[in-house]
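Student: Submitted below is the structure of interest, expressed as structure tokens.
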Amino acid sequence: MTDPNAIQPSELDQLPDRDPEETAEWQASLDAVAKAAGPHRAAYLMRRTLERAEGAGIALPKLLETDYVNTIPTSAEPAVDGDEEMEQRITAWNRWNAAAMVTRGSKYGVGGHIATFASAAWLYETGFNHFFRGKESDGSGDQLYIQGHASPGIYARAFLDGRINEQHLDNFRREAGGNGLPSYPHPRRLPWLWEFPTVSMGLGPISAIYQARFNRYLTSRGIKDVSDSHVWAFLGDGEMDEPESTTALTLAAREQLDNLTFVINCNLQRLDGPVRANFKIVQELEAQFRGAGWNVVKTLWGTAWDELFQLDTTGALVRRLREVPDAQVQTYQTRDAAYIREDFFGKDPALVEMAKLLSDDKILECFHVSRGGHEARKVYAAYKAALAHKGAPTVILAQTVKGHTLGEGFASKNANHQMKKLTVDEFKAMRDRLGLPISDAQFVDDVVPYAHPGADSPEVRYLQERRAALGGPAPARRVHPVAPLPQPADKAFAAFDKGSGSQNVATTMAFVRLVKDLVRDKETGKRWVPIVPDEARTFGMESLFPSLGIYSPMGQTYEPVDRDQLMYYKEAKNGQIFNEGITEAGAMAEFIAASTSYATHGETMIPFYIYYSMFGWQRTGDQMWQLGDQLGRGFLVGATAGRTTLTGEGLQHADGHSPVIAATNPAALTYDPAFAYEIGVIVKEGLRRMFGEARPGEDQNVFYYLTVYNEPLPQPAKPSAPGVDEGIVKGLYRFNTAESAGLSPAANAPRIQLLGSGTAIHWALKAQRMLAEEWGVAADVWSATSWTELRRDAMEADEALLRGEDRVPFVRQALQGAEGPVLAVSDYMRQVPDQIAQWVEQDYTSLGADGFGLSDTREAARRHFGVDAESIVVASLAQLARRGEVQATAVKEAREKYGL
């Protein structure tokens with residue numbers, strides 16, 4: 001994060017020099033050092049001087065890179081608070097069982113990854129033994145974002161401490177039988193262990209940042225004091241190329257999230273080869289994080305390197321380490337001492353002399369084995385420093401070797417991500433390398449055995465005692481027994497039951513008004529978490545600013561420009577609204593943290609995230625999938641919805657497909673309400689289902705997606721017919737008939753059923769009148785609040801038939817006895833209403849806004865896509881003509897009459 005008081009380089013020549021002679025002396029001194037001792041010495045002195053200035057708080061530009069050495073020297077490392085030899089043995093057992101589990105599973109062809117955990121084992125083990133707090137103390141503990149490909153090592157540790165057994169290990173990646181282990185951290189698949197899905201790379205980093213921020217939010221608002229919780233995110237150096245990995249770094253620094261630590265496993269390899277083959281990823285990441293305002297701790301070299309650094313009296317070794325590209329470092333891992341002597345040490349006369357003092361074994365120990373991330377003492381020092389640092393988040397850059405301890409066939413090989421097994425001979429060599437008491441006789445029929453020291457062994461007792469002291473097992477997910485939230489009074493939900501009269505109201509405004517009433521509820525109002533990227537005024541939410549406040553850990557350090565207005569911009573330390581700025585990814589990450597607070601912290605929160613519908617599922621659909629995996633609960637609201645309701649906005653704003661994408665997510669309940677009263681019914685049901693008393697067999701781990709529109713229209717009164725609320729929730733109800741609409745069709749008039757969702761129902765209602773008055777056709781109008789829920793219900797009915805149960809889909813029940821064909825229309829592509837086509841007994845066709853959006857008036861856009869009232873009339877007549885119920889000429893006549 002840039003220091004606003006720092007002097008920028010471009011400013012230097014513009015400032016008056018109060019003592020030119022003194023300035024000249026400093027410049028001359030630098031010139032003299034460069035001439036006498038060389039440019040490397042001059043650069044060294046300048047770096048040390050800048051570090052001294054930074055430490056003293058002198059306002060200067062930050063030094064973005066430091067030498068390619070450990071931030072914490074060996075002499076400054078604290079003693080490890082524990083039994084290092086015991087932890088070495090525990091780590092060896094975990095390494096073995098992780099590799100054995102994946103290898104045994106390979107005979108079923110299910111795959112698995114070995115090399116990632118092999119490189120990161122000490123990064124995890126040190127944390128589990130000394131730092132990661134469990135949930136048994138305050139119910140929150142620390143939040144651990146485990147790197148997805150390292151999951152076998154986490155399962156191996158759970159096996160060692162007795163939380164899973166050999167049968168579980170043998171069912172790794174074989175979940176269909178109900179007793180398996182998911183491939184990666186998937187809370188929905190293993191909800192007692194995993195808290196956070198992370199294997200969709202890039203989502204772990206941004207989620208961890210917003211989780212740390214949400215922790216501060218809970219504390220600041222007085223919901224729960226979670227100031228002792230620390231968020232640890234374990235990431236890969238290749239993963240940092242994902243845009244989500246770094247998009248929120250400045251937010252973490254800006255808000256001083258010192259409750260957050262990134263641990264980046266810098267094994268210098270991504271999935272196919274080196275991360276920065278011709279460059280140095282550690283240096284690049286250091287500059288990126290320091291520039292963003294993070295505290296950076298580099299843990300690169302093991303203790304074997306201490307002798308080499310002591311011999312480096314000229315700085316030649318440090319310079320050489322800085323200039324060797326990552327791919328060459330990887331090559332050293334696979335070559336003999338002679339090659340390293342020539343290629344690494346042979347480039348500088350001082351290094352040639354140094355190498356003469358080193359044995360081949362010493363060189364191989366340094367370049368093949370000794371990395372900071374492979375030594376408990378180095379990792380312990382880094383973690384200790386991270387927790388001690390205040391005022392900024394910390395990133396630990398830990399260098400490791402991918403495939404460490406697995407043997408020469410794995411270590412640093414480009415293909416090791418795709419290598420799924422070791423041979424029996426490789427396992428026996430690994431056994432000897434790790435010093436494990438596993439006999440050859442235990443390899444029955446060449447099957448690699450799982451290994452366990454015994455439930456009462458010193459290793460298991462030590463492991464369990466360490467975890468007990470830290471608050472219980474980890475990772476662990478707990479859903480605390482909390483009372484269901486009381487339902488708000490019906491008054492708020494029924495506000496639009498009588499309609500809006502002559503007032504035009506957009507459904508976006510109706511939703512915002514409902515929320516304004518609900519956040520005033522004495523019981524649950526404080527638990528609402530409004531989230532908006534940067535369009536609160538677009539959605540009419542500015543009235544919430546002064547009453548709820550926008551969350552900011554700094555409060556409001558300025559006088560807002562609109563302070564004299566009623567709806568001024570108000571920030572507060574205990575503000576309730578998250579106004580995220582232009583970052584849908586950040587808003588979704590915040591939503592996920594809030595929506596899972598019931599499990600993470602035992603505090604139920606009710607988030608709603610309102611956004612431009614086009615910039616939701618299309619842009620952040622991967623995070624919606626993460627939300628479902630993490631068992632999140634809340635309301636996603638796609639505002640300014642539809643392909644034709646945004647006048648003039650055009651192709652990249654016109655959403656015609658988000659319900660299609662949402663329909664693919666099993667946890668998403670997707671609704672396209674047409675009227676304000678429907679929104680009240682849906683939100684009321686959502687609060688009951690997600691946060692209230694669960695009904696038998698009902699899954700509470702769902703979230704609601706509502707599309708709402710910016711088109712102001714009269715809001716009708718809620719029909720008084722029985723079953724309307726049930727129909728709204730299940731997805732379909734009859735809004736009116738031709739007769740109840742006062743159209744008085746003839747007794748033998750042809751009849752058609754018009755199904756509309758969202759804003760399209762208004763075109764259907766206009767078409768209903770035109771059909772009656774101009775063509776003598778009776779039309780009944782239905783509101784299809786959820787095509788997706790109708791489809792899901794029908795699919796469940798199909799599955800019930802396979803079990804011998806006779807169940808009729810709700811859509812068929814609702815339309816039973818409805819005369820004539822069915823014509824469905826929405827402001828989305830036809831695929832949305834076509835979801836129910838196969839379960840409708842009547843003749844079925846649909847209209848929709850397929851193709852790219854365009855800029856124009858609403859009327860012109862609807863005519864272009866063929867979904868306006870006139871197009872509905874023509875399509876209805878065509879349906880009836882095919883059935884012989886109207887003259888075929890009527891279709892042509894109608895097209896000409898309406899200019900289609």
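All residue names refer to the structure tokens as shown: chains lettered A, B, ... in order, residues numbered from 1 in each chain, ligands numbered from 1 in order.
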Residues at most 7 Å from Ser783 of chain A, counting only C-alpha atoms, excluding those fewer than 4 positions away in the same chain, as number ranges by chain?
Tutor: A: 732-735, 755-757, 761
Student: So that I can see what lies close to segment 239-255 of chain A, please list as a list in words the residues with an atom at most 6 Å from it, counting only C-alpha atoms and leaving out residues fewer than 5 positions away in the same chain.
Tutor: Met201, Gly202, Pro205, Ile206, Ala292, Gly293, Trp294 and Ala392 of chain A
Student: The selected residues should be written to file as a PDB file, in the first residue's frame (atoms: N, CA and C atoms).
Tutor:
ATOM      1  N   MET A 201      -8.753 -22.966  -8.230  1.00  0.00           N
ATOM      2  CA  MET A 201      -7.632 -22.123  -7.803  1.00  0.00           C
ATOM      3  C   MET A 201      -7.909 -20.632  -8.000  1.00  0.00           C
ATOM      4  N   GLY A 202      -7.474 -19.876  -7.029  1.00  0.00           N
ATOM      5  CA  GLY A 202      -7.697 -18.439  -6.992  1.00  0.00           C
ATOM      6  C   GLY A 202      -8.818 -18.042  -6.058  1.00  0.00           C
ATOM      7  N   PRO A 205      -7.557 -17.662  -2.056  1.00  0.00           N
ATOM      8  CA  PRO A 205      -6.972 -16.399  -1.600  1.00  0.00           C
ATOM      9  C   PRO A 205      -7.985 -15.284  -1.376  1.00  0.00           C
ATOM     10  N   ILE A 206      -8.862 -15.052  -2.356  1.00  0.00           N
ATOM     11  CA  ILE A 206      -9.820 -13.950  -2.192  1.00  0.00           C
ATOM     12  C   ILE A 206     -10.813 -14.269  -1.081  1.00  0.00           C
ATOM     13  N   ALA A 292       1.757  -3.911  -2.283  1.00  0.00           N
ATOM     14  CA  ALA A 292       0.361  -3.811  -1.848  1.00  0.00           C
ATOM     15  C   ALA A 292       0.242  -3.462  -0.372  1.00  0.00           C
ATOM     16  N   GLY A 293       1.361  -3.502   0.366  1.00  0.00           N
ATOM     17  CA  GLY A 293       1.316  -3.114   1.773  1.00  0.00           C
ATOM     18  C   GLY A 293       1.362  -4.267   2.758  1.00  0.00           C
ATOM     19  N   TRP A 294       1.713  -5.465   2.293  1.00  0.00           N
ATOM     20  CA  TRP A 294       1.785  -6.636   3.169  1.00  0.00           C
ATOM     21  C   TRP A 294       3.161  -6.743   3.820  1.00  0.00           C
ATOM     22  N   ALA A 392      -0.768  -5.058   9.559  1.00  0.00           N
ATOM     23  CA  ALA A 392      -0.817  -5.458   8.152  1.00  0.00           C
ATOM     24  C   ALA A 392      -0.886  -6.979   8.081  1.00  0.00           C
TER      25      ALA A 392
END
Student: Using only C-alpha atoms, which protein or nucleic acid residues come within 8 Å of Lys135 of chain A? Drop anything in the same chain fewer than 5 positions from it, and give the result as a PyMOL selection string.
Tutor: chain A and resi 140-142+471-473+476+478
Student: Can you write out as CSV which residues of segment 142-219 of chain A fall within 12 Å of segment 535-552 of chain A, alongside each residue's closest atom pair and its distance in Å to one decimal, counting only C-alpha atoms and ordering rows by chain and ascending residue number?
Tutor:
residue,atom,partner,partner_atom,distance
A:Arg213,CA,A:Ser552,CA,10.1
A:Phe214,CA,A:Tyr551,CA,10.3
A:Arg216,CA,A:Ser552,CA,10.0
A:Tyr217,CA,A:Tyr551,CA,7.5
A:Leu218,CA,A:Tyr551,CA,10.7
A:Thr219,CA,A:Tyr551,CA,11.8
Student: Output C-alpha atoms of each residue in that selection to a file, as a PDB file, in the first residue's frame.
Tutor:
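Output saved as out-v4.pdb:
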ATOM      1  CA  ARG A 213     -12.541  -8.919   6.896  1.00  0.00           C
ATOM      2  CA  PHE A 214     -15.892 -10.435   7.851  1.00  0.00           C
ATOM      3  CA  ARG A 216     -13.571  -7.900  11.882  1.00  0.00           C
ATOM      4  CA  TYR A 217     -17.088  -6.934  10.812  1.00  0.00           C
ATOM      5  CA  LEU A 218     -18.677  -9.351  13.306  1.00  0.00           C
ATOM      6  CA  THR A 219     -16.531  -7.971  16.094  1.00  0.00           C
TER       7      THR A 219
END
Student: May I have the residues within 10 Å of Trp839 of chain A as a ChimeraX atom specification, using only C-alpha atoms and disregarding those fewer than 4 positions away in the same chain?
Tutor: /A:790-791,794-795,798,808-812,835,844
Student: Next, dump the selected residues to file, keeping only N, CA and C atoms, as an mmCIF file, in the first residue's frame.
Tutor:
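Full text of result33.cif as output:
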data_model
loop_
_atom_site.group_PDB
_atom_site.id
_atom_site.type_symbol
_atom_site.label_atom_id
_atom_site.label_comp_id
_atom_site.auth_asym_id
_atom_site.auth_seq_id
_atom_site.Cartn_x
_atom_site.Cartn_y
_atom_site.Cartn_z
ATOM 1 N N LEU A 790 -40.048 -25.751 -10.806
ATOM 2 C CA LEU A 790 -41.019 -26.644 -11.448
ATOM 3 C C LEU A 790 -40.310 -27.839 -12.072
ATOM 4 N N ARG A 791 -39.207 -27.577 -12.721
ATOM 5 C CA ARG A 791 -38.454 -28.675 -13.350
ATOM 6 C C ARG A 791 -37.918 -29.639 -12.290
ATOM 7 N N ALA A 794 -40.571 -31.848 -11.003
ATOM 8 C CA ALA A 794 -40.951 -32.857 -11.992
ATOM 9 C C ALA A 794 -39.909 -33.963 -12.085
ATOM 10 N N MET A 795 -38.648 -33.599 -11.988
ATOM 11 C CA MET A 795 -37.595 -34.615 -12.025
ATOM 12 C C MET A 795 -37.663 -35.521 -10.797
ATOM 13 N N ASP A 798 -40.300 -38.010 -11.432
ATOM 14 C CA ASP A 798 -39.807 -39.074 -12.307
ATOM 15 C C ASP A 798 -38.988 -40.095 -11.524
ATOM 16 N N VAL A 808 -47.437 -37.069 -9.119
ATOM 17 C CA VAL A 808 -47.672 -36.210 -10.281
ATOM 18 C C VAL A 808 -46.893 -34.912 -10.091
ATOM 19 N N PRO A 809 -46.117 -34.485 -11.088
ATOM 20 C CA PRO A 809 -45.389 -33.220 -10.962
ATOM 21 C C PRO A 809 -46.340 -32.051 -10.695
ATOM 22 N N PHE A 810 -45.863 -31.084 -9.925
ATOM 23 C CA PHE A 810 -46.712 -29.955 -9.563
ATOM 24 C C PHE A 810 -47.167 -29.189 -10.800
ATOM 25 N N VAL A 811 -46.301 -29.025 -11.779
ATOM 26 C CA VAL A 811 -46.691 -28.271 -12.968
ATOM 27 C C VAL A 811 -47.862 -28.929 -13.675
ATOM 28 N N ARG A 812 -47.888 -30.248 -13.665
ATOM 29 C CA ARG A 812 -49.004 -30.956 -14.302
ATOM 30 C C ARG A 812 -50.270 -30.830 -13.458
ATOM 31 N N GLN A 835 -37.611 -25.403 -19.852
ATOM 32 C CA GLN A 835 -37.222 -26.386 -18.836
ATOM 33 C C GLN A 835 -38.382 -27.309 -18.448
ATOM 34 N N TYR A 844 -47.337 -27.312 -26.253
ATOM 35 C CA TYR A 844 -46.474 -26.330 -25.569
ATOM 36 C C TYR A 844 -45.543 -25.660 -26.571
#
Student: Identify, with DSSP run on backbone atoms, the residues in segment 51-281 of chain A assigned to alpha helix (DSSP H), and express the list as a PDB file with C-alpha atoms, in the first residue's frame.
Tutor:
ATOM      1  CA  GLU A  51      15.727  -0.749   4.963  1.00  0.00           C
ATOM      2  CA  ARG A  52      17.026   1.346   7.854  1.00  0.00           C
ATOM      3  CA  ALA A  53      14.958   4.324   6.724  1.00  0.00           C
ATOM      4  CA  GLU A  54      11.852   2.159   6.368  1.00  0.00           C
ATOM      5  CA  GLY A  55      12.361   0.711   9.849  1.00  0.00           C
ATOM      6  CA  GLU A  84      10.996 -31.701  17.131  1.00  0.00           C
ATOM      7  CA  GLU A  85      11.997 -35.349  16.884  1.00  0.00           C
ATOM      8  CA  MET A  86       8.455 -36.460  17.701  1.00  0.00           C
ATOM      9  CA  GLU A  87       7.027 -34.120  15.099  1.00  0.00           C
ATOM     10  CA  GLN A  88       9.493 -35.493  12.569  1.00  0.00           C
ATOM     11  CA  ARG A  89       8.113 -38.991  13.177  1.00  0.00           C
ATOM     12  CA  ILE A  90       4.499 -37.801  12.916  1.00  0.00           C
ATOM     13  CA  THR A  91       5.235 -36.070   9.628  1.00  0.00           C
ATOM     14  CA  ALA A  92       6.866 -39.245   8.304  1.00  0.00           C
ATOM     15  CA  TRP A  93       3.719 -41.281   9.057  1.00  0.00           C
ATOM     16  CA  ASN A  94       1.604 -38.668   7.306  1.00  0.00           C
ATOM     17  CA  ARG A  95       3.833 -38.586   4.257  1.00  0.00           C
ATOM     18  CA  TRP A  96       3.637 -42.360   3.971  1.00  0.00           C
ATOM     19  CA  ASN A  97      -0.116 -42.700   4.318  1.00  0.00           C
ATOM     20  CA  ALA A  98      -0.819 -39.823   1.935  1.00  0.00           C
ATOM     21  CA  ALA A  99       1.261 -41.498  -0.757  1.00  0.00           C
ATOM     22  CA  ALA A 100      -0.139 -44.960   0.037  1.00  0.00           C
ATOM     23  CA  MET A 101      -3.746 -43.733  -0.170  1.00  0.00           C
ATOM     24  CA  VAL A 102      -3.279 -42.199  -3.616  1.00  0.00           C
ATOM     25  CA  THR A 103      -1.265 -45.150  -4.905  1.00  0.00           C
ATOM     26  CA  ARG A 104      -3.797 -47.725  -3.709  1.00  0.00           C
ATOM     27  CA  GLY A 105      -6.583 -45.702  -5.277  1.00  0.00           C
ATOM     28  CA  ALA A 115       3.731 -34.257  -4.918  1.00  0.00           C
ATOM     29  CA  THR A 116       2.023 -31.142  -3.510  1.00  0.00           C
ATOM     30  CA  PHE A 117       1.657 -32.421   0.056  1.00  0.00           C
ATOM     31  CA  ALA A 118       5.123 -33.936  -0.113  1.00  0.00           C
ATOM     32  CA  SER A 119       6.496 -30.428  -0.621  1.00  0.00           C
ATOM     33  CA  ALA A 120       4.204 -28.751   1.929  1.00  0.00           C
ATOM     34  CA  ALA A 121       4.093 -31.328   4.748  1.00  0.00           C
ATOM     35  CA  TRP A 122       6.025 -29.206   7.234  1.00  0.00           C
ATOM     36  CA  LEU A 123       4.005 -26.100   6.409  1.00  0.00           C
ATOM     37  CA  TYR A 124       0.920 -27.933   7.651  1.00  0.00           C
ATOM     38  CA  GLU A 125       2.433 -30.024  10.441  1.00  0.00           C
ATOM     39  CA  THR A 126       4.066 -27.046  12.145  1.00  0.00           C
ATOM     40  CA  GLY A 127       0.757 -25.199  12.092  1.00  0.00           C
ATOM     41  CA  PHE A 128      -1.248 -28.152  13.433  1.00  0.00           C
ATOM     42  CA  ASN A 129       1.198 -28.712  16.287  1.00  0.00           C
ATOM     43  CA  HIS A 130       1.748 -25.114  17.344  1.00  0.00           C
ATOM     44  CA  SER A 151      -5.833 -32.965   0.751  1.00  0.00           C
ATOM     45  CA  PRO A 152      -4.253 -36.479   0.939  1.00  0.00           C
ATOM     46  CA  GLY A 153      -1.915 -35.216   3.649  1.00  0.00           C
ATOM     47  CA  ILE A 154      -4.800 -33.812   5.673  1.00  0.00           C
ATOM     48  CA  TYR A 155      -6.632 -37.140   5.400  1.00  0.00           C
ATOM     49  CA  ALA A 156      -3.445 -38.942   6.472  1.00  0.00           C
ATOM     50  CA  ARG A 157      -3.270 -36.818   9.628  1.00  0.00           C
ATOM     51  CA  ALA A 158      -6.950 -37.408  10.366  1.00  0.00           C
ATOM     52  CA  PHE A 159      -6.205 -41.138  10.044  1.00  0.00           C
ATOM     53  CA  LEU A 160      -3.329 -40.829  12.506  1.00  0.00           C
ATOM     54  CA  GLU A 166      -8.454 -47.443   6.624  1.00  0.00           C
ATOM     55  CA  GLN A 167     -11.794 -47.980   4.922  1.00  0.00           C
ATOM     56  CA  HIS A 168     -12.113 -44.222   4.472  1.00  0.00           C
ATOM     57  CA  LEU A 169      -8.613 -44.034   3.015  1.00  0.00           C
ATOM     58  CA  ASP A 170      -9.393 -46.840   0.591  1.00  0.00           C
ATOM     59  CA  LEU A 203     -10.892 -18.624  -4.947  1.00  0.00           C
ATOM     60  CA  GLY A 204      -9.053 -19.599  -1.763  1.00  0.00           C
ATOM     61  CA  PRO A 205      -6.972 -16.399  -1.600  1.00  0.00           C
ATOM     62  CA  ILE A 206      -9.820 -13.950  -2.192  1.00  0.00           C
ATOM     63  CA  SER A 207     -12.141 -15.909   0.114  1.00  0.00           C
ATOM     64  CA  ALA A 208      -9.552 -15.879   2.897  1.00  0.00           C
ATOM     65  CA  ILE A 209      -9.160 -12.105   2.637  1.00  0.00           C
ATOM     66  CA  TYR A 210     -12.882 -11.471   2.839  1.00  0.00           C
ATOM     67  CA  GLN A 211     -13.274 -14.020   5.639  1.00  0.00           C
ATOM     68  CA  ALA A 212     -10.683 -12.122   7.674  1.00  0.00           C
ATOM     69  CA  ARG A 213     -12.541  -8.919   6.896  1.00  0.00           C
ATOM     70  CA  PHE A 214     -15.892 -10.435   7.851  1.00  0.00           C
ATOM     71  CA  ASN A 215     -14.378 -11.538  11.164  1.00  0.00           C
ATOM     72  CA  ARG A 216     -13.571  -7.900  11.882  1.00  0.00           C
ATOM     73  CA  TYR A 217     -17.088  -6.934  10.812  1.00  0.00           C
ATOM     74  CA  LEU A 218     -18.677  -9.351  13.306  1.00  0.00           C
ATOM     75  CA  THR A 219     -16.531  -7.971  16.094  1.00  0.00           C
ATOM     76  CA  SER A 220     -17.091  -4.314  15.167  1.00  0.00           C
ATOM     77  CA  PRO A 243      -6.658 -12.867 -11.078  1.00  0.00           C
ATOM     78  CA  GLU A 244      -8.750 -13.622  -7.971  1.00  0.00           C
ATOM     79  CA  SER A 245      -5.579 -14.499  -6.051  1.00  0.00           C
ATOM     80  CA  THR A 246      -4.290 -10.951  -6.018  1.00  0.00           C
ATOM     81  CA  LEU A 249      -4.422  -7.690  -1.724  1.00  0.00           C
ATOM     82  CA  THR A 250      -4.677  -3.932  -1.299  1.00  0.00           C
ATOM     83  CA  LEU A 251      -7.982  -4.276   0.566  1.00  0.00           C
ATOM     84  CA  ALA A 252      -6.306  -6.568   3.114  1.00  0.00           C
ATOM     85  CA  ALA A 253      -3.501  -4.055   3.635  1.00  0.00           C
ATOM     86  CA  ARG A 254      -5.782  -1.016   3.542  1.00  0.00           C
ATOM     87  CA  ILE A 281       8.583 -16.158  -8.697  1.00  0.00           C
TER      88      ILE A 281
END
Student: Can you list, as a list in words, every protein, DNA or RNA residue that comes within 8 Å of Pro475 of chain A when you count only C-alpha atoms, leaving out same-chain residues fewer than 4 positions away?
Tutor: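 With the cut-off at 8 Å, the set is Gly134, Leu144, Leu193, Trp194 and Glu195 of chain A.
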Student: What are the closest atom pairs, with distances in Å to one decimal, for all residues of segment 650-750 of chain A lying within 10 Å of segment 502-517 of chain A? Consider only C-alpha atoms, order rows by chain and residue number, and present the result as a tab-separated table.
Tutor:
residue	atom	partner	partner_atom	distance
A:Pro673	CA	A:Thr507	CA	8.1
A:Ala674	CA	A:Thr507	CA	7.5
A:Phe675	CA	A:Thr507	CA	6.6
A:Ala676	CA	A:Ala510	CA	5.6
A:Tyr677	CA	A:Ala510	CA	8.6
A:Glu678	CA	A:Thr507	CA	9.6
A:Ile679	CA	A:Phe511	CA	6.7
A:Gly680	CA	A:Leu514	CA	7.3
A:Val683	CA	A:Leu514	CA	9.0
A:Leu706	CA	A:Phe511	CA	9.6
A:Thr707	CA	A:Thr508	CA	8.5
A:Val708	CA	A:Thr508	CA	5.0
A:Tyr709	CA	A:Thr507	CA	5.3
A:Asn710	CA	A:Ala506	CA	5.2
A:Glu711	CA	A:Ala506	CA	5.0
A:Pro712	CA	A:Ala506	CA	4.0
A:Leu713	CA	A:Asn504	CA	4.3
A:Pro714	CA	A:Asn504	CA	4.4
A:Gln715	CA	A:Val505	CA	6.5
A:Pro716	CA	A:Ser502	CA	9.7
Student: Have a look at A:His230, A:Lys892, A:Arg173, A:Arg862 and name the one nearest to Val874 of chain A; count only C-alpha atoms.
Tutor: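 Of all the options, A:Lys892 lies closest to Val874 of chain A.
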Student: What parts of segment 87-252 of chain A does DSSP call strand (DSSP E or B)? I'd like the answer as a VMD selection string.
Tutor: chain A and resid 143 to 145 172 181 231 to 236
Student: Write to file, as a CSV table (one decimal), in the first residue's frame, the residues of the selection just made, with C-alpha atoms.
Tutor:
chain,number,residue,atom,x,y,z
A,143,GLN,CA,-10.0,-20.6,9.7
A,144,LEU,CA,-7.9,-22.8,7.5
A,145,TYR,CA,-7.9,-22.6,3.7
A,172,PHE,CA,-10.5,-41.8,-1.4
A,181,LEU,CA,-13.5,-39.2,0.9
A,231,VAL,CA,-7.2,-16.9,8.9
A,232,TRP,CA,-4.5,-19.0,7.3
A,233,ALA,CA,-4.6,-19.5,3.6
A,234,PHE,CA,-2.3,-22.1,2.0
A,235,LEU,CA,-1.6,-21.4,-1.6
A,236,GLY,CA,0.6,-22.4,-4.5
Student: Between atom CA of Met614 of chain A and atom CA of Arg792 of chain A, what is the distance, to one decimal in Å?
Tutor: 23.9 Å
Student: Considering only C-alpha atoms, return as a ChimeraX atom specification whatever protein or nucleic-acid residues lie within 7 Å of Lys718 of chain A, sequence-local ones (same chain, fewer than 3 positions apart) excluded.
Tutor: /A:497-499,677
Student: How would the residues just picked look written out with C-alpha atoms as a short mmCIF file (atom, residue, chain, number, x, y, z; two decimals), in the first residue's frame?
Tutor:
data_model
loop_
_atom_site.label_atom_id
_atom_site.label_comp_id
_atom_site.auth_asym_id
_atom_site.auth_seq_id
_atom_site.Cartn_x
_atom_site.Cartn_y
_atom_site.Cartn_z
CA ASP A 497 -50.63 -7.57 -1.02
CA LYS A 498 -53.08 -4.76 -1.79
CA GLY A 499 -51.07 -3.59 -4.78
CA TYR A 677 -46.34 -9.43 -3.49
#
Student: Tell me which of A:Lys224, A:Arg189, A:Pro182, A:Thr394 sits closest to Val263 of chain A, counting only C-alpha atoms.
Tutor: A:Thr394
Student: I'd like the interatomic distance between atom CA of Val401 of chain A and atom CA of Gln464 of chain A, to a tenth of an Å.
Tutor: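 Distance reported for this atom pair: 28.6 Å.
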Student: Quick one, how far is atom CA of Asn574 of chain A from atom CA of Val482 of chain A?
Tutor: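 A separation of 23.9 Å between them.
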